[in-house]
Amino acid sequence: MNVAPLVALVGNPNAGKSALFNALTGARQKVGNYPGVTVERHSGRLSLDDGRPVELVDLPGTYSLDPASADERVTRDVVTGRGGFERLPDALVVVVDAANLDNHLRFTLQLLALGLPVVVALNMVDLAERDGLTLDPAVLARELGVPVIPTVAVRKRGLDDLRAALTQIVGAGSVRPLPASAGVVEDIVVLQRRARTIAHAAVIAETPGRRWNHWIDAVALHPVAGPILLLTLLFVMFQAVFAWSEAPIGWIEQGFVLLESAVRDLLPDGFVRSLITDGLIAGVGAVLVFLPQILILFLFILVLEATGYMVRAAFLMDRVMARVGLSGRAFIPLLSSFACAVPGIMATRTIDDEKDRLTTILIAPLMTCSARLPVYTIIIAAFIPNRTVGGWMGLQGLVLLGLYVLGIFGAFVAALVLRRTVTKGASSGFMMEMPKYQLPQWRDVALGLWSRVEIFLKRAGTTIALTTVILWALLSYPKPPEGSGISQVNYSIAGRIANGLEVVVRPIGFNRDIALALIPAMAAREVAVAAIGTVYAIDDPEAEGGQKAITDNLRARWSLPTALAFLMWFVFAPQCISTIAVTRRETNGWKWPAFMVGYLFAAAYIMAGITYWLAVSIGL
Amino acid sequence: MATTFDSLATFPRQTRATVASIDWERLAVPEARRLRELGFDEGVGIEVLHRSRFGSGPIACRIGRMTVALRRTVAAAISVSHG
């Protein structure tokens, strides 16, 4: 079988590359990783006019072939045929923003020097015209010596012309990798000046357009109004995470209750039924209920990114971040980490400074991710009285907010210490292009959201399902001898491990049940709730199940200082296999994940201990 | 010196200006490279759009047809002249 020719989409950031890619490939796209690096590889199929299929790959946006970050290195390696993880493309589609030719043509010139067949997509011509800029594609084509096709990716304009041009050039010339010495053109300034000359020649008319971008920025970046707007947006976002998710969470819970009773009716009592109901359904169900909250949080983040506001938020946050030795860029990954640290850590790839990026990765797990919510919610519901303070604030909500703030505060302290010790280095800069505001393309947002759902469902279906089943087995076996009076939990393998671990955690006020819950919670924090539920269910099989039973059991068996210490533990403890795994991948080794786990466990132990003894000493 | 230039870090907002010179020596290597990649060069039109009033926040400026955010330490290395 012949391999389909490879066509790569290349261009500056904000050239509308991904929109063009989505428009060309539609839903027929695959998101994977480049082997050996964690940069996402988006690829899809496209049929040329003569019926030949080509594989289209969307390369990370970059300003030049002199890479500053891991993403940009991938682009350089692919178009120069280095790295060995991707074959050399048979043709390039260079995507340029029509309204920003000065800058984008410089990179185009650099790419043309590589000698691969090229089509230039003069993208977002509609926005350029709205800005009062009329261009002559024919002049551009003549100056560059390659076909130039005006496109509007989001309106699917020019796609047929682009495909026709590709049909002409794919397979027309011979593709040869460049000698290592040639290629990457060195002098940016020289190229830049040439690019400006060409861009200038291509302009037919240039009138001052509407400056509505500047009007929005006049508010969004205003020294007083800007931060207020940002805080309001964040407040609305977190409100929505809780308010909008209530109903769908109820549906998911009901669904699992129905599923469980169906299985109970279907199967006879015994090993298989217990495995499915107590193990699988209870465990996976306890985790899947967070899907709505994760979705809502990501919806906000994706929309903020798509509109171009996120970079403004980074701009506003730069001053705060600079105080702890980071830059505004770190704000975006850290915000994502409120949903889940895994995509958050992956988003650090856009930070070019290595030390900066490492620090951000190391503190990302301190952002209160959605997996902590079930733990917080259930402990707060059981131990914090549901009353108002100061007339209008709910005490329970206040405690929850306090836990979020504590995480952020912890992260800042950690960053401050790390930047002075293990990740010491010159303070990195903050320099970012601020893209034009635009309405989000709902299709692109939906595609982004879907890929998050996929990751989450895969995790729930594999790691979490497996862990809960293993815990169930460890708790259920061996069975204590008939009439011995020893409880099932104490006699089980898990119980014996927990009894050993209890010695270590007793000084910080933890009991055996907590020790038991902490083991499976290593895989994922939210399992802690399911684990405590399972412990009490197996301990007392006669009792009713469900949330209320867990709450009653907690009240009966835990003291208030223990509960508070438990909450504090979860603010810091790095209990998430996925986070550790993604840190290993992103830092290329075990050194940094090991360090991260170490410092966070130490912090968790110390802070939980302080909380416990403080609470005991004031007589709680 | 015959003419003195203003630094971009303190140049008045929303006033058209031209980059007169950039003191590359004052910038870290990656910073200088990124600045060039974003189109900073002598003779290019520039305009400060936003600057926080207090402290040391970054500034946003228009260069060519782009808006770019940069820190004041970097902006201080860029000399501009009116017009």
# chains A, B, ... in the order shown; residues from 1 in each chain; ligands from 1
>>> interface_residues(of="chain A", to="chain B", cutoff="6 Å", atoms="only C-alpha atoms", output="MDAnalysis selection string")
chainID A and resid 100 223 319 430:434
>>> select_by_dssp(residues="stretch 186-425 of chain A", states="strand (DSSP E)", output="list in words")
Val203, Ile204, Ala205, Glu206, Thr388, Val389, Met393 and Gly394 of chain A
>>> write_last_selection(atoms="N, CA, C and O atoms", output="PDB file, in the first residue's frame")
ATOM      1  N   VAL A 203      -0.141  45.743  -0.856  1.00  0.00           N
ATOM      2  CA  VAL A 203      -1.273  46.514  -0.340  1.00  0.00           C
ATOM      3  C   VAL A 203      -1.869  47.377  -1.455  1.00  0.00           C
ATOM      4  O   VAL A 203      -1.168  48.162  -2.085  1.00  0.00           O
ATOM      5  N   ILE A 204      -3.161  47.200  -1.733  1.00  0.00           N
ATOM      6  CA  ILE A 204      -3.840  48.025  -2.725  1.00  0.00           C
ATOM      7  C   ILE A 204      -4.354  49.291  -2.067  1.00  0.00           C
ATOM      8  O   ILE A 204      -4.190  50.389  -2.568  1.00  0.00           O
ATOM      9  N   ALA A 205      -4.987  49.115  -0.947  1.00  0.00           N
ATOM     10  CA  ALA A 205      -5.536  50.271  -0.241  1.00  0.00           C
ATOM     11  C   ALA A 205      -5.418  50.035   1.251  1.00  0.00           C
ATOM     12  O   ALA A 205      -5.583  48.909   1.731  1.00  0.00           O
ATOM     13  N   GLU A 206      -5.107  51.087   1.966  1.00  0.00           N
ATOM     14  CA  GLU A 206      -5.028  50.963   3.415  1.00  0.00           C
ATOM     15  C   GLU A 206      -5.641  52.204   4.038  1.00  0.00           C
ATOM     16  O   GLU A 206      -5.111  53.298   3.908  1.00  0.00           O
ATOM     17  N   THR A 388     -24.997  30.467  58.635  1.00  0.00           N
ATOM     18  CA  THR A 388     -24.416  31.639  57.994  1.00  0.00           C
ATOM     19  C   THR A 388     -23.551  32.397  58.987  1.00  0.00           C
ATOM     20  O   THR A 388     -23.782  32.368  60.195  1.00  0.00           O
ATOM     21  N   VAL A 389     -22.528  33.030  58.460  1.00  0.00           N
ATOM     22  CA  VAL A 389     -21.703  33.905  59.280  1.00  0.00           C
ATOM     23  C   VAL A 389     -21.757  35.304  58.679  1.00  0.00           C
ATOM     24  O   VAL A 389     -21.854  35.454  57.462  1.00  0.00           O
ATOM     25  N   MET A 393     -22.978  35.016  54.469  1.00  0.00           N
ATOM     26  CA  MET A 393     -22.107  33.990  53.903  1.00  0.00           C
ATOM     27  C   MET A 393     -22.365  32.649  54.569  1.00  0.00           C
ATOM     28  O   MET A 393     -22.439  32.561  55.794  1.00  0.00           O
ATOM     29  N   GLY A 394     -22.499  31.600  53.738  1.00  0.00           N
ATOM     30  CA  GLY A 394     -22.630  30.272  54.295  1.00  0.00           C
ATOM     31  C   GLY A 394     -21.274  29.820  54.817  1.00  0.00           C
ATOM     32  O   GLY A 394     -20.256  30.010  54.153  1.00  0.00           O
TER      33      GLY A 394
END
>>> residues_around(residues="stretch 143-158 of chain A", least_positions_apart="2", cutoff="9 Å", atoms="only C-alpha atoms", output="ChimeraX atom specification")
/A:16-24,98,108-109,112,117-127,137-141,160-163,165,198,201-202,441
>>> select_by_dssp(residues="stretch 78-203 of chain A", states="helix (DSSP H, G or I)", output="number ranges by chain")
A: 78-80, 98-112, 125-130, 137-144, 153-155, 159-169, 188-202
>>> residues_around(residues="B:Leu8", least_positions_apart="5", cutoff="9 Å", atoms="only C-alpha atoms", output="list in words")
Val19, Glu47, Val48, Arg72, Val74, Ala75, Ala76, Ala77, Ile78, Ser79 and Val80 of chain B
>>> atom_distance(atom1="atom CA of A:Ser559", atom2="atom CA of A:Gly609")
14.2 Å
